[in-house]
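Chemist: Supplied in structure tokens, the structure appears directly below.
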Amino acid sequence: MIKTEVIVLATLHQFHDSVANYSFTKLSEIIEGIKPHVLAVELTSSDLTQQKEQKIKQEYQKSVFPLLKKHNSVVVPLEPAEPKFSELVKLIRESEAQEIDVEKEEAFGNYVSALLELLLKTWDSPVAVNSPLTDSLFAAKHALQNEIYGAKEQQGWDGWNQHFLDVVLQTVQKYPGKRLLVLVGVEHGYWLRKRLKNYDAVNLLAITLLLNQE
């Protein structure tokens with residue numbers, strides 16, 4: 001079987017300039033250094049086609065879109081089209097709008113804020129952002145989030161990530177033997193890496209090893 005190399009690179013959206021050695025410029029350099037044949041991006045098809053400026057996912061206008069113009073790369077969108085996009089968003093919004101224990105919700109909010117603050121202060125490189133420790137922390141965060149907000153939260157989160165995974169696997173089948181770089185926000189990294197390693201057609205490359213080789 002011809003395997004496709006897959007690399008999951010966690011991005012920080014608007015926070016890239018808040019982490020040492022992982023600026024928007026550094027992100028561009030990493031992408032170019034990986035030399036992907038195909039790039040999968042956390043955008044809808046329409047946002048990708050229009051190269052629409054992103055309010056939160058600022059890595060696109062500041063790093064990715066200029067590279068697309070420079071290299072004329074093959075690019076695939078990871079986010080679902082309608083109506084699936086709105087169906088998944090609705091599940092998560094409904095879960096977070098429900099009445100739950102006020103003290104529990106407040107405590108969870110404080111935990112998430114403290115976790116982000118701690119990570120932004122301790123991450124010192126793209127290797128740290130993409131590390132197994134970071135993945136384990138976000139896996140725990142989402143396990144708690146699903147426990148607090150219930151079935152719709154889990155269905156929405158898993159459904160969103162499952163769509164990403166489905167697109168990645170379809171791309172793997174379409175481009176056997178090539179190198180596929182998957183760009184996703186840092187909270188998605190653990191979910192995708194855990195599952196991608198189970199597919200025979202995927203040669204999941206450890207981004208931390210690639211970055212340490214620089």
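We label chains A, B, ... in the order they appear in the structure tokens, count residues from 1 in each chain, and number ligands from 1 in the order shown.
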Residues within 8 Å of range 202-211 of chain A, please, as an MDAnalysis selection string. Count only C-alpha atoms; anything in the same chain fewer than 3 positions from it doesn't count.
Modeler: chainID A and resid 3:9 30 34 126:127 130:131 172 193 196:199 214
Chemist: Need the shell around range 133-148 of chain A: protein/DNA/RNA residues with any atom at most 7 Å away, counting only C-alpha atoms. Skip same-chain ones fewer than 4 positions apart. Format as a list in words?
Modeler: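 Contacts, in chain order: Val129, Glu153, Gln154, Glu187, Gly189 and Tyr190 of chain A.
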Chemist: For the residues selected in the previous step, produce a file with N, CA and C atoms as a tab-separated table (two decimals), in the first residue's frame.
Modeler:
```tsv
chain	number	residue	atom	x	y	z
A	129	VAL	N	3.76	23.95	21.42
A	129	VAL	CA	2.35	24.08	21.06
A	129	VAL	C	1.82	22.76	20.51
A	153	GLU	N	-23.18	19.04	23.21
A	153	GLU	CA	-21.81	19.57	23.14
A	153	GLU	C	-20.88	18.53	22.53
A	154	GLN	N	-20.98	17.32	23.00
A	154	GLN	CA	-20.12	16.26	22.49
A	154	GLN	C	-20.43	15.95	21.03
A	187	GLU	N	-6.75	23.33	19.60
A	187	GLU	CA	-7.64	22.44	20.36
A	187	GLU	C	-8.05	21.20	19.57
A	189	GLY	N	-5.97	19.43	17.62
A	189	GLY	CA	-4.83	18.57	17.35
A	189	GLY	C	-4.94	17.19	17.95
A	190	TYR	N	-5.30	17.11	19.23
A	190	TYR	CA	-5.34	15.82	19.92
A	190	TYR	C	-6.35	14.88	19.27
```
Chemist: If we count only C-alpha atoms and set the cut-off at 6 Å, which residues sit around range 11-13 of chain A, ignoring sequence neighbours fewer than 6 positions away in its own chain? Please answer as JSON, numbers by chain.
Modeler: {"A": [56, 57, 58, 59, 184, 185, 186]}
Chemist: To one decimal place, how far is CA of Leu39 in chain A from CA of Lys90 in chain A in Å?
Modeler: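 We find that CA of Leu39 in chain A and CA of Lys90 in chain A lie 27.9 Å from each other.
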Chemist: Pull the alpha helix (DSSP H) assignments for range 42-161 of chain A out of DSSP run on the backbone, and list those residues as number ranges by chain.
Modeler: A: 45-50, 59, 65-71, 84-97, 102-122, 126-129, 132-149, 151-161
Chemist: Which residues of range 93-188 of chain A sit at most 7 Å from range 63-81 of chain A, using only C-alpha atoms? Give each one's shortest atom pair and distance in Å (one decimal place), in chain and ascending residue order, as a tab-separated table.
Modeler:
```
residue	atom	partner	partner_atom	distance
A:His163	CA	A:Pro80	CA	6.9
A:Phe164	CA	A:Leu78	CA	5.2
A:Val167	CA	A:Leu78	CA	6.2
```
Chemist: Quick one: everything within 9 Å of Thr171 in chain A, counting only C-alpha atoms, minus sequence neighbours fewer than 3 positions away in the same chain. Send it as a compact mmCIF listing (two decimals) with C-alpha atoms, in the first residue's frame.
Modeler:
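Result written to part-v1.txt:
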```txt
# COMPACT_ATOMS: atom_id res chain seq x y z
CA VAL A 38 -1.39 19.42 -0.44
CA ALA A 40 -5.82 21.27 4.24
CA VAL A 76 -8.65 21.70 0.39
CA ASP A 166 -13.34 12.63 6.70
CA VAL A 167 -11.90 15.37 4.48
CA VAL A 168 -8.35 14.39 5.41
CA LYS A 174 -6.92 11.24 -3.78
CA TYR A 175 -3.20 11.96 -3.33
CA PRO A 176 -1.49 8.65 -2.43
CA LEU A 180 -0.48 16.45 3.24
```
Chemist: Distance table requested - range 107-159 of chain A against range 17-29 of chain A, cut-off 8 Å, only C-alpha atoms: one row per qualifying residue with the closest atom pair and its distance in Å to one decimal, ordered by chain and rising residue number, as JSON lines.
Modeler:
```
{"residue": "A:Leu120", "atom": "CA", "partner": "A:Val19", "partner_atom": "CA", "distance": 6.2}
{"residue": "A:Lys121", "atom": "CA", "partner": "A:Val19", "partner_atom": "CA", "distance": 7.6}
{"residue": "A:Trp123", "atom": "CA", "partner": "A:Val19", "partner_atom": "CA", "distance": 6.3}
{"residue": "A:Asp124", "atom": "CA", "partner": "A:Ala20", "partner_atom": "CA", "distance": 5.0}
{"residue": "A:Ser125", "atom": "CA", "partner": "A:Asn21", "partner_atom": "CA", "distance": 5.1}
{"residue": "A:Pro126", "atom": "CA", "partner": "A:Tyr22", "partner_atom": "CA", "distance": 5.5}
```
Chemist: Between A:Tyr60, A:Phe85, A:Tyr149, A:Tyr111, which residue has the minimum interatomic distance to Gln98 in chain A, considering only C-alpha atoms?
Modeler: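 Going through A:Tyr60, A:Phe85, A:Tyr149, A:Tyr111 one by one, the smallest distance to Gln98 in chain A is for A:Tyr149.
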